[in-house]
Amino acid sequence: MARELLMELQDMQINYRTRAGRINAVRSVSMDIRKGEIIGLVGESGCGKSTLAMTFLKLIMPPGEIVGGKLLYYGYDNGEGPVSVMELQGGKLRRYRWKEVSMIFQGSMNSLNPVMRVEDQIIDVMIDHDFPEEEARTNVDKYLSMAGMDPSTKRSYPHQLSGGMKQRVAIAIALTCSPKLIIADEPTTALDVVVQKQIMDQLKGLRDRLGVSIVFITHDIAVIGSLADLIYVMYAGKIVESGPVSEVCNRPRHPYTAALMSASPTLKGEKKRLNGIPGSPPDLKQTIVGCSFAPRCPFAFERCHIEEPQLKMLEPGHKAACFKLEDVK
Amino acid sequence: MEDEIIALRKVTKDFRGGSGLTRSKQSLTRAMDKVTIGVKRGEFLGLVGESGSGKTTVGLAMLKLLDVDSGSIMYEGRDINRMSRRETRDFRMKTQMIFQDPYESLNPSLSIFKTVSTSLDVFRKEIDEDEKLRIVSTMLSILGLDPAEDFLFKLPRQLSGGQRQRIAIARAMILDPEFIVADEAVSMLDVSIRADILNRLIDLKNRRDFSMLFITHDIAVARYVSDRIAVMHLGQLVESGEGDSIINSPLHPYTQILINAVPSSEDGNAAKLIPFTQGDWEKVNRGYPGCSFVDRCPFVMDKCRRVRPELVEKSPGHFVACFLYE
C-alpha cells in the first residue's frame, strides 16, 4: 500500500567551499519520504550523509552551500500543495523546524546544555515554539515517558545521566512539538548494544503509535536491517542503491552494498572470513569521472572509469546505479 | 593453568571518585570484583561487556599499567607486581597495548617513522638507522600501508582514522611482543576498514606467535577474532568459554541478552531467547554481596541478592557464574 508522500528531495547538490577547494559533499541526491515510513540512510564516514541530514532542516551553513536541487514538504494540510523548504524564512522556518521536522543530532549526549535541568531544556524548546509555559511544563512527563525515560529524572542535569539516558532526553526533545518527521543522525553509535536495541525499539514504537516518519542515519547497515522499511545506500555523495530493506539486505545489487554487507561480522551461521573494501573513498574535492566506486570495485570494467552509471529501477522500488546490472538484463 | 601466558587471580580494583569536596560525597566504584581470567599462549581472548563493566581495567591491570587492590597477576608464572626492575623492563618489552582512539593515541608532532620506531630506540639500541627503516617499512606494509615510503615521514594529522589505527597497531607490533591488549581497537572505524584490520590482526597472529586480550563491546567482532570469549558485567566475570560455545549456547542471562540485542540485517528477528528486561536497564548497582546482575535479571531469585555465584565449569571449558546452573 502506497503511503502518502511527506517530503521530496530532488536532485540535491551541496558543496563546501574550503581553502583547499570545493568539496562536493552531496552530488545530486533524490529521496521520497512517505508518512509513517522509516528510512535507513547508510554510508561510511565522509559520504555526505550528515550533510544530507542537515538539509532537511535547512541547517546548511557556510561554508556549506546548496548549489542545486529542491526540497519539497507536503506535510501542511492546507490544500496549497507542497512548500519549498529552501524558501522558508523567519517565523515560518522556525515553526517548520521542530513542529514539522525535528532532529536527533549525532552525539546527542553532547548536544544537551550541561547547566540546564532536563525539564528546562524540554520546556525551553516548547516555549520557543509558542506553547504556553504551563502547557509545556505539564507535558514534560509525557515526552520523557514516550522516549522511555522515567519522568522522575526530569530534575536531573545531563552529567547525572548515562549516555543512553541522555540519548533518550534528546529523543524526548525531538518529540516535543509533535513533528511529522524525525531525522536521527547516528543516534545509537556511541551506545552499548543493549541500550542501542532499546532505543531502536523505542523509535519503532513511536512510528507505530504516532505515525511519525523517521530518517535513520548510520554507518552500520546491520543496525537498521531490523528497523527500517527502506534503505538508501550512499557513497561519495550519491545514492548508489535504494529499496525495501528485505531486498537491499538479502539481495544487495550494487557491489558497494554487497561489500558493506560482507564486511560486518555476524553472530549466526558459519564463521566466514570478512572482506574489507580495499582502498578508500574518493577525494570529493576532485571531479569524479566515471563511477565513484570503480577504483575499489572488484567488478569494474572500462566503461565504469569513463561514464557515470545512473540509478536504474531493477524491481519495483529497488534501484541501483551500476553498469554491471544493465549488462545482465 | 600452565598454558596461560597471563593470568589474573581474584583481582579486585576500586576507584574512588565522585563529585564533592567532602569525603562523604565520594563514591566507590568496584571496577574489578575478584576477577579471575587468563589468556592462553597463542590465544585471542575476546573480552566483552557494556561500558563501565571493567573491561579496560582488566586490560590495564594485565599490562601493569594500574595498581590493583588485591589478588595476583601472573605473567609466565611470575607475579608482575613483584618483578625486579630488570624483569619489569623485559615485561614492558614483551607486552603492548593498542588503544581505542587513534586520534588521541598518536603524538601529533612525531612522524610515523618516529612513532613506530621509538620502542626500537629504547629496547633494540643495536639496530642501525637503515635496518630500522627496513623493519618499520615491512611492518607498515603488513598492516596495509603500502607503499610504506608514502607514509614514513608523514604526521598523524595527514592520515585518516583507519590509517592512524594501522600505525597504532604497527607501533604495538614492532618489538614482536608476546602479549597485546587491544582495547576497542576497531570500534571507531568504518565497517569496511574494520574488516581489513581484523583480518590483518588474524594473519599476523598466524605468522608471529602472540597472544591477545581483545576488548570490545561488539560480541560479533569478538566472535570473529577470538578463540575464547569472556563476558563481564559490572566488574564481575560472568561467563567464559570457547567462542562458538558462548555464541550458540550462552548460559548467563546477561550473555543471552547481549546476544539478543545484536542487530541483524537478516529478515525478522531471531527467536527471542529470553524476554528483554524492561525496567531501568541503566540503573546499576555494584559492590554489594550478591550477583551484579540482580537488578536486571528476569530470573532473579532470593539467593542471588545475598550470595555471589562463583564461576563453575558447566561443560568442558565453559564457565558461568549463575545459580541457575548449580
# chains A, B, ... in the order shown; residues from 1 in each chain; ligands from 1
call {"tool": "residues_around", "arguments": {"residues": "Gly59 (chain B)", "least_positions_apart": "5", "cutoff": "10 Å", "atoms": "only C-alpha atoms", "output": "ChimeraX atom specification"}}
result
/B:47,54,64-66,97,180-183,213-215
call {"tool": "write_last_selection", "arguments": {"atoms": "C-alpha atoms", "output": "compact mmCIF listing (two decimals), in the first residue's frame"}}
result
# COMPACT_ATOMS: atom_id res chain seq x y z
CA LEU B 47 36.52 -9.67 26.46
CA GLY B 54 35.54 -3.08 33.84
CA LYS B 64 50.82 -3.42 34.90
CA LEU B 65 49.51 -0.01 33.94
CA LEU B 66 47.37 0.12 37.03
CA MET B 97 48.71 -2.08 24.09
CA ILE B 180 48.95 -7.49 23.40
CA VAL B 181 45.92 -5.80 24.86
CA ALA B 182 43.72 -4.27 22.15
CA ASP B 183 41.17 -2.00 23.79
CA LEU B 213 43.25 -9.74 25.01
CA PHE B 214 40.76 -8.27 22.57
CA ILE B 215 38.43 -5.89 24.40
call {"tool": "closest_atom_pairs", "arguments": {"of": "chain A", "to": "chain B", "cutoff": "10 Å", "atoms": "only C-alpha atoms", "output": "tab-separated table"}}
result
residue	atom	partner	partner_atom	distance
A:Gly43	CA	B:Asp190	CA	9.0
A:Glu44	CA	B:Asp190	CA	6.0
A:Ser45	CA	B:Asp190	CA	6.8
A:Gly148	CA	B:Asp280	CA	9.4
A:Met149	CA	B:Asp280	CA	8.6
A:Asp150	CA	B:Asp280	CA	8.3
A:Leu161	CA	B:Glu282	CA	9.2
A:Ser162	CA	B:Glu282	CA	7.3
A:Gly163	CA	B:Glu282	CA	9.4
A:Gly164	CA	B:Glu282	CA	7.8
A:Met165	CA	B:Glu282	CA	7.9
A:Thr189	CA	B:Met188	CA	9.6
A:Ala190	CA	B:Met188	CA	9.4
A:Leu191	CA	B:Ser51	CA	8.3
A:Asp192	CA	B:Glu50	CA	5.6
A:Val193	CA	B:Ala261	CA	5.8
A:Val194	CA	B:Ala261	CA	5.2
A:Val195	CA	B:Trp281	CA	7.9
A:Gln196	CA	B:Ala261	CA	7.8
A:Lys197	CA	B:Ala261	CA	5.6
A:Gln198	CA	B:Ala261	CA	8.4
A:Met200	CA	B:Pro263	CA	9.7
A:His219	CA	B:Asp190	CA	7.0
A:Asp220	CA	B:Val191	CA	6.9
A:Ile221	CA	B:Ser265	CA	7.2
A:Ala222	CA	B:Ser265	CA	4.7
A:Val223	CA	B:Pro263	CA	5.2
A:Ile224	CA	B:Ser265	CA	7.0
A:Gly225	CA	B:Ser265	CA	4.0
A:Ser226	CA	B:Ser265	CA	6.0
A:Leu227	CA	B:Pro263	CA	9.1
A:Val245	CA	B:Ser265	CA	8.5
A:Ser246	CA	B:Asp267	CA	6.4
A:Glu247	CA	B:Asp267	CA	9.8
A:Val248	CA	B:Ser265	CA	9.7
A:Cys249	CA	B:Ser265	CA	6.3
A:Asn250	CA	B:Glu266	CA	7.1
A:Tyr256	CA	B:Ser192	CA	9.9
A:Ala259	CA	B:Ser192	CA	7.7
A:Leu260	CA	B:Ser192	CA	6.4
A:Met261	CA	B:Ser265	CA	8.6
A:Ser262	CA	B:Ser192	CA	8.8
A:Ala263	CA	B:Ala195	CA	5.5
A:Ser264	CA	B:Val191	CA	6.3
A:Pro265	CA	B:Ala220	CA	5.5
A:Thr266	CA	B:Ala220	CA	5.4
A:Leu267	CA	B:Ala220	CA	5.3
A:Lys268	CA	B:Asn248	CA	8.4
A:Gly269	CA	B:Asn248	CA	9.9
A:Glu270	CA	B:Asp244	CA	9.8
A:Lys271	CA	B:Tyr224	CA	6.8
A:Lys272	CA	B:Tyr224	CA	8.3
A:Arg273	CA	B:Asn199	CA	7.8
A:Leu274	CA	B:Ala195	CA	5.9
A:Asn275	CA	B:Ala195	CA	6.2
A:Gly276	CA	B:Asp196	CA	4.5
A:Ile277	CA	B:Ser192	CA	5.1
A:Pro278	CA	B:Asp196	CA	7.9
A:Gly279	CA	B:Ile193	CA	8.9
A:Ser280	CA	B:Ile193	CA	8.6
call {"tool": "residues_around", "arguments": {"residues": "Leu155 (chain B)", "least_positions_apart": "3", "cutoff": "12 Å", "atoms": "only C-alpha atoms", "output": "number ranges by chain"}}
result
B: 103, 106-116, 150-152, 158-160, 163-164, 167
call {"tool": "write_last_selection", "arguments": {"atoms": "N, CA and C atoms", "output": "compact mmCIF listing (two decimals), in the first residue's frame"}}
result
# COMPACT_ATOMS: atom_id res chain seq x y z
N TYR B 103 42.99 9.00 17.21
CA TYR B 103 43.19 10.45 17.14
C TYR B 103 43.87 10.96 18.40
N LEU B 106 48.19 8.86 19.18
CA LEU B 106 49.45 9.13 18.47
C LEU B 106 49.91 10.55 18.78
N ASN B 107 51.21 10.69 19.00
CA ASN B 107 51.76 12.02 19.25
C ASN B 107 51.70 12.84 17.96
N PRO B 108 50.97 13.95 17.97
CA PRO B 108 50.74 14.68 16.71
C PRO B 108 52.02 15.27 16.11
N SER B 109 53.08 15.41 16.91
CA SER B 109 54.27 16.06 16.37
C SER B 109 55.34 15.06 15.95
N LEU B 110 55.07 13.77 16.10
CA LEU B 110 56.07 12.77 15.68
C LEU B 110 55.69 12.19 14.32
N SER B 111 56.71 12.01 13.48
CA SER B 111 56.45 11.38 12.19
C SER B 111 56.05 9.93 12.43
N ILE B 112 55.47 9.34 11.41
CA ILE B 112 55.05 7.94 11.53
C ILE B 112 56.25 7.05 11.83
N PHE B 113 57.36 7.32 11.15
CA PHE B 113 58.56 6.52 11.38
C PHE B 113 58.99 6.61 12.83
N LYS B 114 59.01 7.84 13.35
CA LYS B 114 59.45 8.06 14.74
C LYS B 114 58.47 7.38 15.70
N THR B 115 57.18 7.51 15.42
CA THR B 115 56.16 6.91 16.27
C THR B 115 56.37 5.41 16.39
N VAL B 116 56.59 4.78 15.25
CA VAL B 116 56.68 3.32 15.26
C VAL B 116 58.04 2.85 15.77
N ASP B 150 55.41 6.11 1.36
CA ASP B 150 54.45 7.21 1.30
C ASP B 150 54.01 7.67 2.69
N PHE B 151 54.23 6.82 3.68
CA PHE B 151 53.71 7.14 5.00
C PHE B 151 54.79 7.49 6.01
N LEU B 152 55.99 6.95 5.82
CA LEU B 152 57.03 7.03 6.85
C LEU B 152 57.21 8.42 7.43
N GLN B 158 47.96 13.94 8.82
CA GLN B 158 47.81 13.75 7.38
C GLN B 158 47.16 12.42 7.04
N LEU B 159 46.85 11.64 8.06
CA LEU B 159 46.29 10.31 7.80
C LEU B 159 44.83 10.23 8.24
N SER B 160 44.12 9.29 7.64
CA SER B 160 42.73 9.05 8.03
C SER B 160 42.70 8.21 9.32
N GLN B 163 43.99 4.70 8.81
CA GLN B 163 45.45 4.66 8.65
C GLN B 163 46.13 4.88 9.99
N ARG B 164 45.59 5.79 10.79
CA ARG B 164 46.19 6.03 12.10
C ARG B 164 46.13 4.78 12.97
N ILE B 167 48.80 2.50 12.17
CA ILE B 167 50.06 2.96 12.76
C ILE B 167 50.14 2.53 14.23
call {"tool": "closest_residue", "arguments": {"among": "B:Ser72, B:Asn206, B:Ser53, B:Ser292", "to": "Lys10 (chain B)", "atoms": "only C-alpha atoms"}}
result
B:Ser72
call {"tool": "select_by_dssp", "arguments": {"residues": "region 120-259 of chain B", "states": "helix (DSSP H, G or I)", "output": "ChimeraX atom specification"}}
result
/B:120-123,129-142,149-152,156-158,161-173,191-207,219-225,243-248,253-259
call {"tool": "residues_around", "arguments": {"residues": "region 170-179 of chain B", "least_positions_apart": "2", "cutoff": "10 Å", "atoms": "only C-alpha atoms", "output": "NGL selection string"}}
result
:B and (5-6 or 39-44 or 62-63 or 75 or 91-99 or 106 or 112-120 or 123-124 or 135-143 or 145 or 164-168 or 181-182 or 204 or 208-213)
call {"tool": "select_by_dssp", "arguments": {"residues": "region 37-145 of chain A", "states": "strand (DSSP E or B)", "output": "MDAnalysis selection string"}}
result
chainID A and resid 38:42 64:73 83:84 101:104
call {"tool": "closest_residue", "arguments": {"among": "B:Thr216, B:Thr57, B:Thr88, B:Ser240", "to": "Met32 (chain B)", "atoms": "only C-alpha atoms"}}
result
B:Thr57
call {"tool": "decode", "arguments": {"residues": "region 124-226 of chain A", "atoms": "C-alpha atoms", "output": "PDB file, in the first residue's frame"}}
result
ATOM      1  CA  ASP A 124      12.633  25.766  26.518  1.00  0.00           C
ATOM      2  CA  VAL A 125      12.076  24.172  23.141  1.00  0.00           C
ATOM      3  CA  MET A 126       8.300  24.221  23.563  1.00  0.00           C
ATOM      4  CA  ILE A 127       8.110  27.851  24.685  1.00  0.00           C
ATOM      5  CA  ASP A 128      10.239  28.786  21.724  1.00  0.00           C
ATOM      6  CA  HIS A 129       7.605  27.153  19.573  1.00  0.00           C
ATOM      7  CA  ASP A 130       4.752  29.191  21.004  1.00  0.00           C
ATOM      8  CA  PHE A 131       3.416  26.761  23.601  1.00  0.00           C
ATOM      9  CA  PRO A 132       2.297  28.442  26.823  1.00  0.00           C
ATOM     10  CA  GLU A 133       4.727  27.670  29.636  1.00  0.00           C
ATOM     11  CA  GLU A 134       2.060  25.927  31.719  1.00  0.00           C
ATOM     12  CA  GLU A 135       1.224  23.533  28.927  1.00  0.00           C
ATOM     13  CA  ALA A 136       4.905  22.896  28.267  1.00  0.00           C
ATOM     14  CA  ARG A 137       5.513  22.126  31.917  1.00  0.00           C
ATOM     15  CA  THR A 138       2.648  19.656  32.145  1.00  0.00           C
ATOM     16  CA  ASN A 139       3.820  17.850  29.046  1.00  0.00           C
ATOM     17  CA  VAL A 140       7.386  17.165  30.165  1.00  0.00           C
ATOM     18  CA  ASP A 141       6.483  13.866  31.778  1.00  0.00           C
ATOM     19  CA  LYS A 142       4.591  12.751  28.701  1.00  0.00           C
ATOM     20  CA  TYR A 143       7.503  13.286  26.347  1.00  0.00           C
ATOM     21  CA  LEU A 144      10.013  11.706  28.693  1.00  0.00           C
ATOM     22  CA  SER A 145       7.868   8.594  29.017  1.00  0.00           C
ATOM     23  CA  MET A 146       7.387   8.460  25.263  1.00  0.00           C
ATOM     24  CA  ALA A 147      11.158   8.323  24.957  1.00  0.00           C
ATOM     25  CA  GLY A 148      11.297   5.541  27.523  1.00  0.00           C
ATOM     26  CA  MET A 149      12.533   7.637  30.435  1.00  0.00           C
ATOM     27  CA  ASP A 150      11.300   7.662  33.965  1.00  0.00           C
ATOM     28  CA  PRO A 151       9.708  11.130  34.384  1.00  0.00           C
ATOM     29  CA  SER A 152      11.354  11.460  37.782  1.00  0.00           C
ATOM     30  CA  THR A 153      14.642  12.077  36.010  1.00  0.00           C
ATOM     31  CA  LYS A 154      13.424  15.443  34.738  1.00  0.00           C
ATOM     32  CA  ARG A 155      15.086  17.268  37.610  1.00  0.00           C
ATOM     33  CA  SER A 156      18.495  15.871  36.649  1.00  0.00           C
ATOM     34  CA  TYR A 157      21.308  17.669  34.924  1.00  0.00           C
ATOM     35  CA  PRO A 158      22.804  15.927  31.875  1.00  0.00           C
ATOM     36  CA  HIS A 159      26.002  14.942  33.713  1.00  0.00           C
ATOM     37  CA  GLN A 160      23.950  12.877  36.128  1.00  0.00           C
ATOM     38  CA  LEU A 161      22.627  10.704  33.312  1.00  0.00           C
ATOM     39  CA  SER A 162      24.245   7.858  31.416  1.00  0.00           C
ATOM     40  CA  GLY A 163      24.847   8.022  27.666  1.00  0.00           C
ATOM     41  CA  GLY A 164      21.695   6.065  26.866  1.00  0.00           C
ATOM     42  CA  MET A 165      19.560   8.264  29.093  1.00  0.00           C
ATOM     43  CA  LYS A 166      20.938  11.435  27.518  1.00  0.00           C
ATOM     44  CA  GLN A 167      20.093   9.966  24.145  1.00  0.00           C
ATOM     45  CA  ARG A 168      16.556   9.417  25.325  1.00  0.00           C
ATOM     46  CA  VAL A 169      16.350  13.008  26.506  1.00  0.00           C
ATOM     47  CA  ALA A 170      17.408  14.052  23.011  1.00  0.00           C
ATOM     48  CA  ILE A 171      14.614  11.878  21.615  1.00  0.00           C
ATOM     49  CA  ALA A 172      12.151  13.444  24.061  1.00  0.00           C
ATOM     50  CA  ILE A 173      13.232  16.901  22.895  1.00  0.00           C
ATOM     51  CA  ALA A 174      12.782  15.832  19.279  1.00  0.00           C
ATOM     52  CA  LEU A 175       9.197  14.789  20.102  1.00  0.00           C
ATOM     53  CA  THR A 176       8.120  17.953  21.914  1.00  0.00           C
ATOM     54  CA  CYS A 177       6.336  19.657  19.058  1.00  0.00           C
ATOM     55  CA  SER A 178       4.804  16.506  17.565  1.00  0.00           C
ATOM     56  CA  PRO A 179       6.807  16.593  14.338  1.00  0.00           C
ATOM     57  CA  LYS A 180       5.832  14.542  11.327  1.00  0.00           C
ATOM     58  CA  LEU A 181       9.403  13.654  10.501  1.00  0.00           C
ATOM     59  CA  ILE A 182      12.381  12.954  12.762  1.00  0.00           C
ATOM     60  CA  ILE A 183      15.901  12.942  11.390  1.00  0.00           C
ATOM     61  CA  ALA A 184      18.088  10.725  13.574  1.00  0.00           C
ATOM     62  CA  ASP A 185      21.773  11.135  12.787  1.00  0.00           C
ATOM     63  CA  GLU A 186      23.726   8.176  14.197  1.00  0.00           C
ATOM     64  CA  PRO A 187      21.573   8.179  17.335  1.00  0.00           C
ATOM     65  CA  THR A 188      22.951   4.938  18.740  1.00  0.00           C
ATOM     66  CA  THR A 189      26.528   4.950  17.586  1.00  0.00           C
ATOM     67  CA  ALA A 190      28.173   5.580  20.950  1.00  0.00           C
ATOM     68  CA  LEU A 191      25.886   3.257  22.869  1.00  0.00           C
ATOM     69  CA  ASP A 192      26.089  -0.313  24.076  1.00  0.00           C
ATOM     70  CA  VAL A 193      24.206  -2.944  22.109  1.00  0.00           C
ATOM     71  CA  VAL A 194      21.562  -3.464  24.749  1.00  0.00           C
ATOM     72  CA  VAL A 195      20.827   0.249  25.061  1.00  0.00           C
ATOM     73  CA  GLN A 196      21.006   0.556  21.292  1.00  0.00           C
ATOM     74  CA  LYS A 197      18.346  -2.096  20.919  1.00  0.00           C
ATOM     75  CA  GLN A 198      16.114  -0.382  23.446  1.00  0.00           C
ATOM     76  CA  ILE A 199      16.433   2.965  21.658  1.00  0.00           C
ATOM     77  CA  MET A 200      15.686   1.379  18.300  1.00  0.00           C
ATOM     78  CA  ASP A 201      12.650  -0.390  19.722  1.00  0.00           C
ATOM     79  CA  GLN A 202      11.594   2.965  21.134  1.00  0.00           C
ATOM     80  CA  LEU A 203      11.869   4.665  17.743  1.00  0.00           C
ATOM     81  CA  LYS A 204       9.959   1.879  16.071  1.00  0.00           C
ATOM     82  CA  GLY A 205       7.267   2.150  18.733  1.00  0.00           C
ATOM     83  CA  LEU A 206       6.966   5.884  18.126  1.00  0.00           C
ATOM     84  CA  ARG A 207       6.430   5.275  14.458  1.00  0.00           C
ATOM     85  CA  ASP A 208       3.810   2.616  15.155  1.00  0.00           C
ATOM     86  CA  ARG A 209       1.953   4.724  17.714  1.00  0.00           C
ATOM     87  CA  LEU A 210       2.316   8.236  16.335  1.00  0.00           C
ATOM     88  CA  GLY A 211       2.771   7.546  12.645  1.00  0.00           C
ATOM     89  CA  VAL A 212       5.842   9.735  12.549  1.00  0.00           C
ATOM     90  CA  SER A 213       8.348   9.218   9.716  1.00  0.00           C
ATOM     91  CA  ILE A 214      11.980   8.667  10.611  1.00  0.00           C
ATOM     92  CA  VAL A 215      15.179   9.007   8.637  1.00  0.00           C
ATOM     93  CA  PHE A 216      17.737   6.922  10.490  1.00  0.00           C
ATOM     94  CA  ILE A 217      21.328   7.628   9.521  1.00  0.00           C
ATOM     95  CA  THR A 218      24.038   5.127  10.348  1.00  0.00           C
ATOM     96  CA  HIS A 219      27.347   3.776   9.105  1.00  0.00           C
ATOM     97  CA  ASP A 220      26.402   0.232  10.033  1.00  0.00           C
ATOM     98  CA  ILE A 221      23.968  -1.445   7.678  1.00  0.00           C
ATOM     99  CA  ALA A 222      23.357  -4.237  10.185  1.00  0.00           C
ATOM    100  CA  VAL A 223      21.885  -1.763  12.666  1.00  0.00           C
ATOM    101  CA  ILE A 224      18.954  -0.722  10.519  1.00  0.00           C
ATOM    102  CA  GLY A 225      18.145  -4.071   8.970  1.00  0.00           C
ATOM    103  CA  SER A 226      15.621  -4.793  11.663  1.00  0.00           C
TER     104      SER A 226
END
